[in-house]
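The data block below is model_18.tsv; it holds TSV, C-alpha atoms and all ligand atoms.
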```
chain	number	residue	atom	x	y	z
A	1	MET	CA	-7.04	14.45	13.21
A	2	VAL	CA	-8.13	13.08	9.84
A	3	ILE	CA	-6.98	15.53	7.19
A	4	LYS	CA	-8.32	16.22	3.73
A	5	GLU	CA	-6.79	13.52	1.48
A	6	GLU	CA	-7.30	10.85	4.12
A	7	ARG	CA	-11.01	11.74	4.16
A	8	VAL	CA	-11.27	11.39	0.40
A	9	LEU	CA	-8.94	8.46	-0.16
A	10	HIS	CA	-10.43	5.03	-0.73
A	11	MET	CA	-10.23	2.43	-3.48
A	12	VAL	CA	-13.06	2.03	-6.03
A	13	GLY	CA	-15.83	0.01	-4.34
A	14	GLY	CA	-18.18	-2.80	-5.35
A	15	GLY	CA	-17.32	-5.65	-7.67
A	16	GLY	CA	-17.72	-3.96	-11.09
A	17	GLU	CA	-15.24	-3.74	-13.96
A	18	THR	CA	-13.40	-0.71	-12.52
A	19	SER	CA	-13.54	-1.83	-8.85
A	20	TYR	CA	-10.49	-2.39	-6.69
A	21	ALA	CA	-11.70	-5.94	-5.99
A	22	ALA	CA	-11.47	-6.70	-9.74
A	23	ASN	CA	-8.21	-4.79	-10.27
A	24	SER	CA	-5.91	-5.68	-7.41
A	25	ARG	CA	-3.75	-8.36	-9.03
A	26	HIS	CA	-0.52	-6.39	-8.45
A	27	GLN	CA	-1.20	-6.33	-4.76
A	28	GLU	CA	-2.26	-10.00	-4.77
A	29	LYS	CA	1.00	-11.00	-6.50
A	30	ALA	CA	2.96	-9.09	-3.85
A	31	ILE	CA	1.11	-10.92	-1.04
A	32	TYR	CA	2.11	-14.31	-2.56
A	33	ARG	CA	5.62	-13.13	-3.29
A	34	THR	CA	6.27	-11.94	0.27
A	35	LYS	CA	4.72	-14.97	2.00
A	36	PRO	CA	8.14	-16.56	2.78
A	37	ILE	CA	9.20	-13.31	4.49
A	38	LEU	CA	6.00	-13.32	6.55
A	39	GLU	CA	6.59	-16.99	7.47
A	40	THR	CA	10.12	-16.31	8.66
A	41	ALA	CA	9.10	-13.16	10.56
A	42	ILE	CA	6.30	-14.97	12.43
A	43	ALA	CA	8.55	-17.99	13.16
A	44	GLU	CA	11.24	-15.61	14.47
A	45	MET	CA	8.72	-13.91	16.72
A	46	TYR	CA	7.71	-17.30	18.16
A	47	ARG	CA	11.37	-18.13	18.73
A	48	ARG	CA	12.00	-14.90	20.65
A	49	THR	CA	8.94	-14.86	22.90
A	50	PRO	CA	6.78	-17.50	24.59
A	51	LEU	CA	3.70	-18.44	22.59
A	52	PRO	CA	0.85	-16.13	23.47
A	53	GLU	CA	-2.50	-17.77	24.21
A	54	ARG	CA	-4.18	-14.95	22.37
A	55	MET	CA	-2.35	-13.39	19.45
A	56	VAL	CA	-3.25	-9.98	18.03
A	57	VAL	CA	-2.49	-9.46	14.34
A	58	VAL	CA	-3.25	-6.27	12.38
A	59	ASP	CA	-3.40	-5.68	8.64
A	60	LEU	CA	-2.86	-1.96	7.98
A	61	GLY	CA	-4.50	-0.60	4.81
A	62	CYS	CA	-6.58	-3.77	4.30
A	63	SER	CA	-8.94	-2.23	1.67
A	64	TRP	CA	-11.59	-4.72	0.51
A	65	GLY	CA	-11.85	-7.55	-1.97
A	66	PRO	CA	-10.10	-10.92	-2.16
A	67	ASN	CA	-6.73	-9.63	-0.90
A	68	THR	CA	-8.14	-8.68	2.51
A	69	PHE	CA	-8.97	-12.32	3.25
A	70	LEU	CA	-5.89	-13.66	1.51
A	71	VAL	CA	-3.76	-11.98	4.20
A	72	VAL	CA	-5.96	-13.40	6.97
A	73	SER	CA	-5.74	-16.94	5.56
A	74	GLU	CA	-1.97	-16.70	5.02
A	75	VAL	CA	-1.43	-15.73	8.66
A	76	LEU	CA	-3.78	-18.48	9.89
A	77	GLY	CA	-1.99	-21.04	7.71
A	78	ILE	CA	1.48	-19.93	8.84
A	79	VAL	CA	0.57	-19.96	12.56
A	80	GLY	CA	-1.27	-23.29	12.23
A	81	ASP	CA	1.68	-24.98	10.45
A	82	LEU	CA	4.15	-23.55	12.94
A	83	CYS	CA	2.18	-24.77	15.95
A	84	ARG	CA	1.82	-28.26	14.43
A	85	ARG	CA	5.61	-28.37	13.85
A	86	LEU	CA	6.26	-27.23	17.43
A	87	GLU	CA	3.55	-29.59	18.71
A	88	GLN	CA	1.88	-26.70	20.50
A	89	LYS	CA	-1.76	-25.73	20.83
A	90	PRO	CA	-2.42	-22.82	18.44
A	91	PRO	CA	-3.33	-19.45	19.93
A	92	GLU	CA	-6.67	-17.77	19.37
A	93	ILE	CA	-6.01	-15.00	16.85
A	94	GLN	CA	-7.67	-11.62	17.03
A	95	PHE	CA	-7.43	-9.96	13.63
A	96	PHE	CA	-7.84	-6.24	13.28
A	97	LEU	CA	-8.43	-5.03	9.73
A	98	ASN	CA	-7.48	-1.36	9.47
A	99	ASP	CA	-8.10	1.20	6.77
A	100	LEU	CA	-9.24	4.80	6.44
A	101	PRO	CA	-12.86	5.55	7.39
A	102	GLY	CA	-13.87	5.80	3.69
A	103	ASN	CA	-12.99	2.12	3.16
A	104	ASP	CA	-15.96	-0.11	2.38
A	105	PHE	CA	-15.86	-2.04	5.65
A	106	ASN	CA	-19.47	-3.13	5.06
A	107	ASN	CA	-18.28	-4.95	1.97
A	108	VAL	CA	-15.52	-6.65	4.00
A	109	PHE	CA	-17.90	-7.82	6.70
A	110	ARG	CA	-20.58	-8.89	4.26
A	111	SER	CA	-18.00	-11.22	2.65
A	112	LEU	CA	-16.68	-12.48	5.98
A	113	GLU	CA	-19.30	-15.19	6.51
A	114	ARG	CA	-18.68	-16.65	3.03
A	115	TYR	CA	-14.96	-16.60	3.63
A	116	GLU	CA	-15.26	-18.25	7.07
A	117	LYS	CA	-17.42	-21.02	5.60
A	118	LYS	CA	-14.87	-21.69	2.86
A	119	MET	CA	-12.01	-21.80	5.38
A	120	GLU	CA	-13.92	-24.22	7.61
A	121	GLU	CA	-14.60	-26.52	4.64
A	122	GLU	CA	-10.96	-26.42	3.53
A	123	LYS	CA	-9.24	-26.68	6.90
A	124	GLY	CA	-11.74	-28.45	9.15
A	125	ASP	CA	-10.44	-28.76	12.70
A	126	GLN	CA	-6.97	-27.61	11.56
A	127	LEU	CA	-8.38	-24.08	11.30
A	128	VAL	CA	-6.79	-21.79	13.89
A	129	PRO	CA	-9.54	-20.14	15.98
A	130	HIS	CA	-9.83	-16.50	15.05
A	131	TYR	CA	-12.01	-13.38	15.30
A	132	VAL	CA	-12.06	-10.51	12.80
A	133	VAL	CA	-12.74	-6.88	13.67
A	134	GLY	CA	-12.51	-3.64	11.65
A	135	VAL	CA	-10.53	-0.58	12.80
A	136	PRO	CA	-11.16	2.62	10.84
A	137	GLY	CA	-8.44	5.27	11.22
A	138	SER	CA	-5.15	6.49	9.85
A	139	PHE	CA	-2.05	4.41	10.46
A	140	TYR	CA	-0.17	7.72	10.67
A	141	GLY	CA	-1.19	7.89	14.31
A	142	ARG	CA	-2.11	5.63	17.21
A	143	LEU	CA	-4.76	2.96	16.57
A	144	PHE	CA	-4.28	0.53	19.50
A	145	PRO	CA	-3.50	0.62	23.25
A	146	CYS	CA	0.13	0.23	24.36
A	147	ASN	CA	1.78	-3.20	24.08
A	148	THR	CA	-1.30	-4.98	22.75
A	149	VAL	CA	-0.32	-6.05	19.22
A	150	HIS	CA	1.95	-9.01	18.38
A	151	PHE	CA	2.27	-8.53	14.66
A	152	PHE	CA	1.56	-5.87	12.01
A	153	HIS	CA	1.29	-6.53	8.29
A	154	SER	CA	0.82	-3.98	5.51
A	155	ASN	CA	0.73	-4.53	1.76
A	156	PHE	CA	0.86	-1.75	-0.87
A	157	SER	CA	-0.34	1.00	1.48
A	158	LEU	CA	2.63	2.85	2.94
A	159	MET	CA	3.47	4.73	-0.27
A	160	TRP	CA	0.34	6.82	0.46
A	161	LEU	CA	1.29	9.94	2.39
A	162	SER	CA	-0.96	11.40	5.08
A	163	GLN	CA	-1.46	14.47	2.87
A	164	VAL	CA	-0.18	16.29	-0.21
A	165	PRO	CA	3.16	17.75	0.94
A	166	GLN	CA	3.00	21.32	2.17
A	167	GLY	CA	4.76	23.87	-0.02
A	168	LEU	CA	3.30	22.78	-3.37
A	169	GLU	CA	0.73	25.57	-3.39
A	170	SER	CA	1.14	28.63	-5.64
A	171	GLU	CA	3.88	31.12	-4.88
A	172	GLN	CA	2.81	34.68	-5.74
A	173	GLY	CA	0.12	33.31	-8.00
A	174	VAL	CA	2.48	30.91	-9.86
A	175	PRO	CA	1.88	27.16	-9.33
A	176	VAL	CA	5.02	25.54	-7.89
A	177	ASN	CA	4.65	22.21	-9.74
A	178	LYS	CA	2.99	23.54	-12.89
A	179	GLY	CA	1.56	20.92	-15.24
A	180	ASN	CA	2.76	18.04	-13.04
A	181	ILE	CA	0.99	15.93	-10.43
A	182	TYR	CA	4.05	14.28	-8.89
A	183	ILE	CA	7.82	14.80	-8.98
A	184	ALA	CA	8.77	15.25	-12.64
A	185	GLU	CA	12.01	16.04	-14.45
A	186	ASN	CA	11.04	19.71	-14.70
A	187	SER	CA	9.79	20.01	-11.10
A	188	PRO	CA	11.78	22.60	-9.12
A	189	PRO	CA	13.98	21.22	-6.28
A	190	GLN	CA	11.53	22.47	-3.64
A	191	VAL	CA	8.96	19.95	-4.94
A	192	VAL	CA	11.36	17.05	-4.41
A	193	LYS	CA	12.25	18.40	-0.97
A	194	ALA	CA	8.58	18.80	0.01
A	195	TYR	CA	7.80	15.18	-0.95
A	196	GLN	CA	10.90	13.83	0.78
A	197	GLU	CA	10.16	15.72	3.99
A	198	GLN	CA	6.53	14.63	4.05
A	199	HIS	CA	7.59	11.00	3.57
A	200	ARG	CA	10.21	11.24	6.31
A	201	ARG	CA	7.71	12.78	8.75
A	202	ASP	CA	4.95	10.29	7.93
A	203	PHE	CA	7.06	7.13	7.98
A	204	SER	CA	8.71	8.19	11.21
A	205	THR	CA	5.30	8.86	12.85
A	206	PHE	CA	4.13	5.47	11.60
A	207	LEU	CA	7.11	3.69	13.19
A	208	LYS	CA	6.75	5.56	16.51
A	209	SER	CA	3.06	4.61	16.74
A	210	ARG	CA	3.68	0.94	15.94
A	211	TYR	CA	6.53	0.74	18.44
A	212	VAL	CA	4.24	1.82	21.28
A	213	GLU	CA	1.46	-0.56	20.20
A	214	LEU	CA	3.63	-3.66	19.72
A	215	SER	CA	4.27	-5.98	22.62
A	216	ILE	CA	7.89	-6.88	23.42
A	217	GLY	CA	9.24	-9.26	20.80
A	218	GLY	CA	6.62	-8.16	18.25
A	219	GLY	CA	7.34	-7.46	14.62
A	220	MET	CA	5.98	-6.41	11.29
A	221	VAL	CA	6.24	-7.04	7.56
A	222	LEU	CA	5.75	-3.95	5.39
A	223	THR	CA	5.54	-4.07	1.59
A	224	PHE	CA	5.12	-0.85	-0.40
A	225	LEU	CA	5.86	0.81	-3.73
A	226	GLY	CA	9.28	2.41	-3.88
A	227	ARG	CA	11.81	3.31	-6.50
A	228	ARG	CA	15.04	1.96	-7.91
A	229	ASN	CA	16.82	5.13	-8.97
A	230	LYS	CA	18.56	7.60	-6.70
A	231	HIS	CA	16.64	10.64	-7.89
A	232	PRO	CA	12.83	10.46	-7.68
A	233	ALA	CA	12.39	12.20	-11.04
A	234	ASN	CA	14.38	9.54	-12.92
A	235	ASP	CA	12.20	6.67	-11.93
A	236	GLU	CA	9.46	4.63	-13.55
A	237	LEU	CA	6.92	5.76	-10.91
A	238	SER	CA	7.59	9.37	-11.87
A	239	TYR	CA	7.32	8.34	-15.53
A	240	LEU	CA	3.95	6.62	-14.96
A	241	TYR	CA	2.46	9.55	-13.04
A	242	GLY	CA	3.92	11.76	-15.78
A	243	LEU	CA	1.74	9.86	-18.28
A	244	LEU	CA	-1.27	10.54	-16.05
A	245	ALA	CA	-0.35	14.26	-15.95
A	246	GLU	CA	0.07	14.23	-19.73
A	247	ALA	CA	-3.46	12.83	-20.16
A	248	LEU	CA	-4.84	15.50	-17.80
A	249	ASN	CA	-3.04	18.19	-19.83
A	250	THR	CA	-4.54	16.76	-23.03
A	251	MET	CA	-7.97	17.16	-21.43
A	252	VAL	CA	-7.05	20.78	-20.63
A	253	SER	CA	-6.18	21.39	-24.31
A	254	GLN	CA	-9.52	19.82	-25.29
A	255	GLY	CA	-11.31	22.23	-22.94
A	256	ILE	CA	-12.67	19.39	-20.77
A	257	ILE	CA	-10.96	20.45	-17.54
A	258	SER	CA	-9.30	23.74	-16.52
A	259	GLU	CA	-5.55	24.29	-16.39
A	260	ASP	CA	-5.90	25.65	-12.89
A	261	LYS	CA	-7.37	22.33	-11.74
A	262	VAL	CA	-4.29	20.42	-12.97
A	263	ASP	CA	-1.91	22.97	-11.46
A	264	THR	CA	-3.50	22.57	-8.03
A	265	PHE	CA	-3.53	18.75	-8.05
A	266	ASN	CA	-0.62	16.75	-6.61
A	267	LEU	CA	-0.63	13.10	-5.61
A	268	PRO	CA	-0.29	12.24	-1.90
A	269	ILE	CA	2.07	9.37	-2.80
A	270	TYR	CA	5.82	8.93	-2.53
A	271	GLY	CA	8.01	6.13	-3.86
A	272	ALA	CA	10.98	6.01	-1.47
A	273	SER	CA	14.30	4.44	-2.39
A	274	MET	CA	15.57	1.54	-0.28
A	275	GLN	CA	18.23	3.88	1.13
A	276	GLU	CA	15.70	6.56	2.11
A	277	ALA	CA	13.35	4.08	3.80
A	278	LYS	CA	16.26	2.48	5.68
A	279	SER	CA	17.56	5.83	6.85
A	280	VAL	CA	14.15	6.78	8.34
A	281	ILE	CA	14.04	3.41	10.17
A	282	GLU	CA	17.59	3.87	11.49
A	283	GLU	CA	17.06	7.49	12.57
A	284	GLU	CA	13.75	6.76	14.24
A	285	GLY	CA	15.55	3.98	16.10
A	286	SER	CA	12.73	1.76	17.45
A	287	PHE	CA	13.18	-1.22	15.10
A	288	ASP	CA	15.86	-3.65	13.97
A	289	VAL	CA	15.76	-4.54	10.30
A	290	GLU	CA	15.53	-8.35	9.97
A	291	LYS	CA	15.09	-8.25	6.23
A	292	ALA	CA	15.10	-5.53	3.58
A	293	GLU	CA	14.70	-6.46	-0.06
A	294	SER	CA	13.13	-5.22	-3.24
A	295	PHE	CA	11.62	-6.80	-6.32
A	296	GLU	CA	10.22	-5.60	-9.60
A	297	SER	CA	6.69	-6.03	-10.85
A	298	SER	CA	5.57	-5.24	-14.39
A	299	TRP	CA	3.19	-2.27	-14.72
A	300	ASP	CA	0.81	-4.73	-16.36
A	301	PRO	CA	-0.48	-7.04	-13.60
A	302	PHE	CA	-1.46	-9.72	-16.13
A	303	ASP	CA	1.97	-9.74	-17.72
A	304	ASP	CA	3.52	-12.85	-16.19
A	305	SER	CA	5.83	-13.56	-19.09
A	306	ASP	CA	7.69	-11.55	-21.69
A	307	ASN	CA	4.65	-10.14	-23.38
A	308	VAL	CA	4.45	-6.43	-24.11
A	309	LEU	CA	2.42	-4.16	-21.87
A	310	ASN	CA	-1.32	-3.91	-22.27
A	311	GLY	CA	-2.17	-0.23	-21.69
A	312	LYS	CA	-5.74	-1.00	-20.61
A	313	ASN	CA	-4.56	-3.36	-17.86
A	314	VAL	CA	-2.12	-0.75	-16.54
A	315	ALA	CA	-4.70	2.06	-16.66
A	316	SER	CA	-7.39	-0.09	-14.96
A	317	THR	CA	-5.17	-0.76	-11.95
A	318	LEU	CA	-4.41	2.96	-11.67
A	319	GLN	CA	-8.09	3.84	-12.00
A	320	ALA	CA	-9.17	1.38	-9.26
A	321	VAL	CA	-6.83	3.14	-6.85
A	322	MET	CA	-7.03	6.78	-7.96
A	323	GLU	CA	-10.56	7.35	-9.23
A	324	PRO	CA	-12.01	8.69	-5.93
A	325	LEU	CA	-9.18	11.26	-5.60
A	326	ILE	CA	-9.50	12.29	-9.26
A	327	SER	CA	-13.31	12.57	-9.09
A	328	HIS	CA	-13.11	14.62	-5.92
A	329	HIS	CA	-10.78	17.17	-7.53
A	330	PHE	CA	-11.82	17.17	-11.20
A	331	GLY	CA	-15.45	15.97	-11.04
A	332	ASP	CA	-17.14	12.63	-11.59
A	333	ALA	CA	-17.06	12.90	-15.38
A	334	THR	CA	-13.24	12.96	-15.60
A	335	PRO	CA	-11.98	9.44	-14.72
A	336	HIS	CA	-13.57	7.54	-17.61
A	337	ALA	CA	-12.07	9.77	-20.33
A	338	LEU	CA	-8.82	10.23	-18.42
A	339	PHE	CA	-7.99	6.57	-17.95
A	340	SER	CA	-8.88	5.68	-21.55
A	341	LEU	CA	-6.37	8.32	-22.64
A	342	VAL	CA	-3.78	6.87	-20.25
A	343	ALA	CA	-4.44	3.36	-21.63
A	344	ASP	CA	-4.00	4.58	-25.23
A	345	ASN	CA	-0.78	6.46	-24.39
A	346	ILE	CA	0.77	3.47	-22.64
A	347	THR	CA	-0.17	1.09	-25.44
A	348	ALA	CA	1.14	3.46	-28.12
A	349	ARG	CA	4.42	4.21	-26.36
A	350	HIS	CA	5.27	0.77	-25.09
A	351	LEU	CA	3.87	-1.59	-27.66
A	352	LEU	CA	7.27	-2.03	-29.25
A	353	LYS	CA	9.40	-0.96	-26.35
A	354	ASP	CA	10.68	-2.52	-23.14
A	355	LYS	CA	8.33	-3.23	-20.29
A	356	CYS	CA	8.16	-0.85	-17.35
A	357	TYR	CA	8.34	-2.03	-13.76
A	358	TYR	CA	7.20	-0.93	-10.34
A	359	THR	CA	9.86	-1.29	-7.69
A	360	VAL	CA	8.46	-2.86	-4.53
A	361	LEU	CA	10.24	-2.61	-1.15
A	362	VAL	CA	9.75	-5.22	1.59
A	363	PHE	CA	10.86	-4.87	5.21
A	364	ALA	CA	10.66	-7.31	8.10
A	365	LEU	CA	11.16	-5.25	11.26
A	366	ARG	CA	11.54	-6.33	14.85
A	367	ARG	CA	10.62	-4.07	17.75
A	368	LYS	CA	13.67	-3.24	19.87
A	369	ALA	CA	13.25	-4.31	23.49
B	401	LIG	C1	-3.62	-0.24	-2.83
B	401	LIG	S1	-4.62	-0.51	-1.43
B	401	LIG	C2	-3.91	-2.00	-0.78
B	401	LIG	C3	-4.94	-2.83	-0.12
B	401	LIG	C4	-4.55	-4.20	0.37
B	401	LIG	N1	-3.57	-4.13	1.42
B	401	LIG	C5	-4.07	-5.09	-0.75
B	401	LIG	O1	-2.95	-5.60	-0.66
B	401	LIG	O2	-4.81	-5.31	-1.71
B	401	LIG	C6	-4.00	0.71	-0.26
B	401	LIG	C7	-4.91	0.86	0.93
B	401	LIG	O3	-4.24	1.67	1.93
B	401	LIG	C8	-5.21	2.48	2.54
B	401	LIG	N2	-4.56	3.63	3.20
B	401	LIG	C9	-3.87	4.64	2.62
B	401	LIG	N3	-3.46	5.52	3.55
B	401	LIG	C10	-3.87	5.02	4.75
B	401	LIG	C11	-3.74	5.48	6.08
B	401	LIG	N4	-3.11	6.61	6.38
B	401	LIG	N5	-4.27	4.73	7.07
B	401	LIG	C12	-4.93	3.56	6.80
B	401	LIG	N6	-5.07	3.08	5.54
B	401	LIG	C13	-4.56	3.81	4.53
B	401	LIG	C14	-6.10	2.90	1.37
B	401	LIG	O4	-7.35	3.40	1.81
B	401	LIG	C15	-6.20	1.59	0.60
B	401	LIG	O5	-7.31	0.82	0.97
```
Translate the structure of the given file into structure tokens.
Amino acid sequence: MVIKEERVLHMVGGGGETSYAANSRHQEKAIYRTKPILETAIAEMYRRTPLPERMVVVDLGCSWGPNTFLVVSEVLGIVGDLCRRLEQKPPEIQFFLNDLPGNDFNNVFRSLERYEKKMEEEKGDQLVPHYVVGVPGSFYGRLFPCNTVHFFHSNFSLMWLSQVPQGLESEQGVPVNKGNIYIAENSPPQVVKAYQEQHRRDFSTFLKSRYVELSIGGGMVLTFLGRRNKHPANDELSYLYGLLAEALNTMVSQGIISEDKVDTFNLPIYGASMQEAKSVIEEEGSFDVEKAESFESSWDPFDDSDNVLNGKNVASTLQAVMEPLISHHFGDATPHALFSLVADNITARHLLKDKCYYTVLVFALRRKA
């Protein structure tokens, strides 16, 4: 069953200034950064199992915009190169692009023809034959028949939970996570526990579903936001969402939104530590870990050197991802004012201070036989 946040969740559409397509450089950088891991994982899969004539590859949480097709072309390039090295005929690849039903799949398929044309011009007869199909639905459940998928890929999607954790509602009229929208330093322990349990349940359900869908020898590469520190409240993700909460609370003090609205809003996101993610994989038991690593990425996606953070860049990437959730809860008028406040706060606080980083976790997993 699709539950509330999954119905509402989608990235900002179109190609305008605040769209996801124009503000997905973080995610793009992660796709380039993890390409060697994807190459090794696909080569390993080919080493373990005979080459399939038809290969099924799925991108989970594909969204829309340039990154959707970047993943497709990386996989085609990797499989094409591998087959040339092995002097084998390439398989036909069936791509399934998955996201929640609110995703702008029309946008994806409207761009497909242009993308295909460009690929044909660039690759000519070296282009691996392929077919692209959309699959709306939550990856926290079954999406495909048993044993039909050879490879799953997912970039920057698995930090989204299937729902806001249960137990964050008011207790005897008092909001449990008052003034916060994520785990904060002053959140009571039950908030941390609720987030951790929701993450454990969701990630475990995800792994169980993928295990059934993968064919023997299949694998996946999963890249998602995590955290570096042991306690979730001491991390930069908690700090960033704290700045978002602070801007919402400023809007409460200005009489723009009600306090009650902030007290009843919590993000359906969790940044797991490497240890937590590994322990869910081990306990669930269906996958061997071929690779587990993490890297850091500046909050500012355009900061490729040692420059200081640009608050507007940071706020724009947050807005492209969170605006639909914020509008749904606080009303359509909120995001514009909110994210300008966030941009100002980040610029003011960090102009002369160290940069802040997202921690990104990457796993290459192999289905156990
Ligand atoms: C930040 S975007 C990443 C998009 C793309 N993979 C990229 O690298 O640019 C996260 C995507 O995950 C999708 N998503 C979140 N929860 C999901 C779920 N339970 N099932 C399927 N997709 C989900 C969102 O709708 C969103 O499009």
Checklist entry - How would you write, as a VMD selection string, the set of residues no farther than 7 Å from ligand LIG 401 (chain B) when counting all atoms listed in the file? => result chain A and resid 6 9 to 11 24 27 to 28 31 60 to 64 67 to 68 98 to 100 103 137 to 140 154 to 158 160 to 162 321
Checklist entry - What is the CA of Val176 in chain A to CA of His336 in chain A distance in Å? => result 27.6 Å
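With only C-alpha atoms as the atoms that count, the minimum distance from Asn180 in chain A to the choices A:Ile326, A:Val135, A:Leu168, A:Ala30 is reached by A:Leu168.
The nearest approach to Glu293 in chain A among the residues A:Ser316, A:Thr223, A:Asn249, A:Gln172, with all atoms listed in the file taken into account, belongs to A:Thr223.
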Item to check | Who sits within 12 Å of Pro189 in chain A, all atoms listed in the file, same chain under 6 positions skipped, as an NGL selection string | outcome: :A and (167-168 or 176-177 or 183 or 195-196 or 231-233)
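In this structure, CA of Asp300 in chain A sits 16.7 Å away from CA of Asp235 in chain A.
For the set A:Gly134, A:Pro145, A:Gly242, A:Gly217, the residue with the smallest atom-to-atom gap to Tyr182 in chain A is A:Gly242, counting all atoms listed in the file.
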Next on the checklist: List the spatial neighbours of His130 in chain A as a PyMOL selection string - criterion: any atom at most 7 Å away, all atoms listed in the file, same-chain residues fewer than 5 positions off excluded.
Outcome noted: chain A and resi 92-94
Store the residues picked out above in a file with C-alpha atoms, as an mmCIF file, keeping the file's coordinate frame.
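Saved file again-v5.cif follows:
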```cif
data_model
loop_
_atom_site.group_PDB
_atom_site.id
_atom_site.type_symbol
_atom_site.label_atom_id
_atom_site.label_comp_id
_atom_site.auth_asym_id
_atom_site.auth_seq_id
_atom_site.Cartn_x
_atom_site.Cartn_y
_atom_site.Cartn_z
ATOM 1 C CA GLU A 92 -6.670 -17.770 19.370
ATOM 2 C CA ILE A 93 -6.010 -15.000 16.850
ATOM 3 C CA GLN A 94 -7.670 -11.620 17.030
#
```
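The shortest atom-to-atom distance to Phe206 in chain A, with only C-alpha atoms taken into account, belongs to A:Gly141 out of A:Leu222, A:Gly141, A:Glu171, A:Ile256.
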Put the listed atoms of range 62-69 of chain A in a box along x, y and z with 8 Å added on every side and give me the centre and edge lengths in Å to one decimal, as JSON.
```
{"center_x": -9.2, "center_y": -7.3, "center_z": 1.1, "size_x": 21.3, "size_y": 26.1, "size_z": 22.5}
```
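When all atoms listed in the file are used to compute distances to Val342 in chain A, the closest of the residues A:Val12, A:Ile269, A:Val262, A:Leu248 turns out to be A:Leu248.
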How would range 268-285 of chain A of the given structure read as a file with C-alpha atoms, as a CSV table (one decimal), in the first residue's frame?
```csv
chain,number,residue,atom,x,y,z
A,268,PRO,CA,10.8,11.0,6.4
A,269,ILE,CA,14.6,10.8,6.0
A,270,TYR,CA,17.3,9.0,7.9
A,271,GLY,CA,21.1,9.2,7.6
A,272,ALA,CA,22.4,5.8,8.7
A,273,SER,CA,26.0,5.3,9.9
A,274,MET,CA,28.1,2.8,8.0
A,275,GLN,CA,27.8,0.5,11.0
A,276,GLU,CA,24.0,0.7,11.2
A,277,ALA,CA,23.6,0.0,7.4
A,278,LYS,CA,26.0,-2.9,7.6
A,279,SER,CA,24.3,-4.4,10.6
A,280,VAL,CA,20.9,-4.4,8.8
A,281,ILE,CA,22.5,-6.1,5.8
A,282,GLU,CA,24.1,-8.7,8.0
A,283,GLU,CA,21.0,-9.4,10.0
A,284,GLU,CA,18.7,-9.6,7.0
A,285,GLY,CA,21.2,-12.1,5.6
```
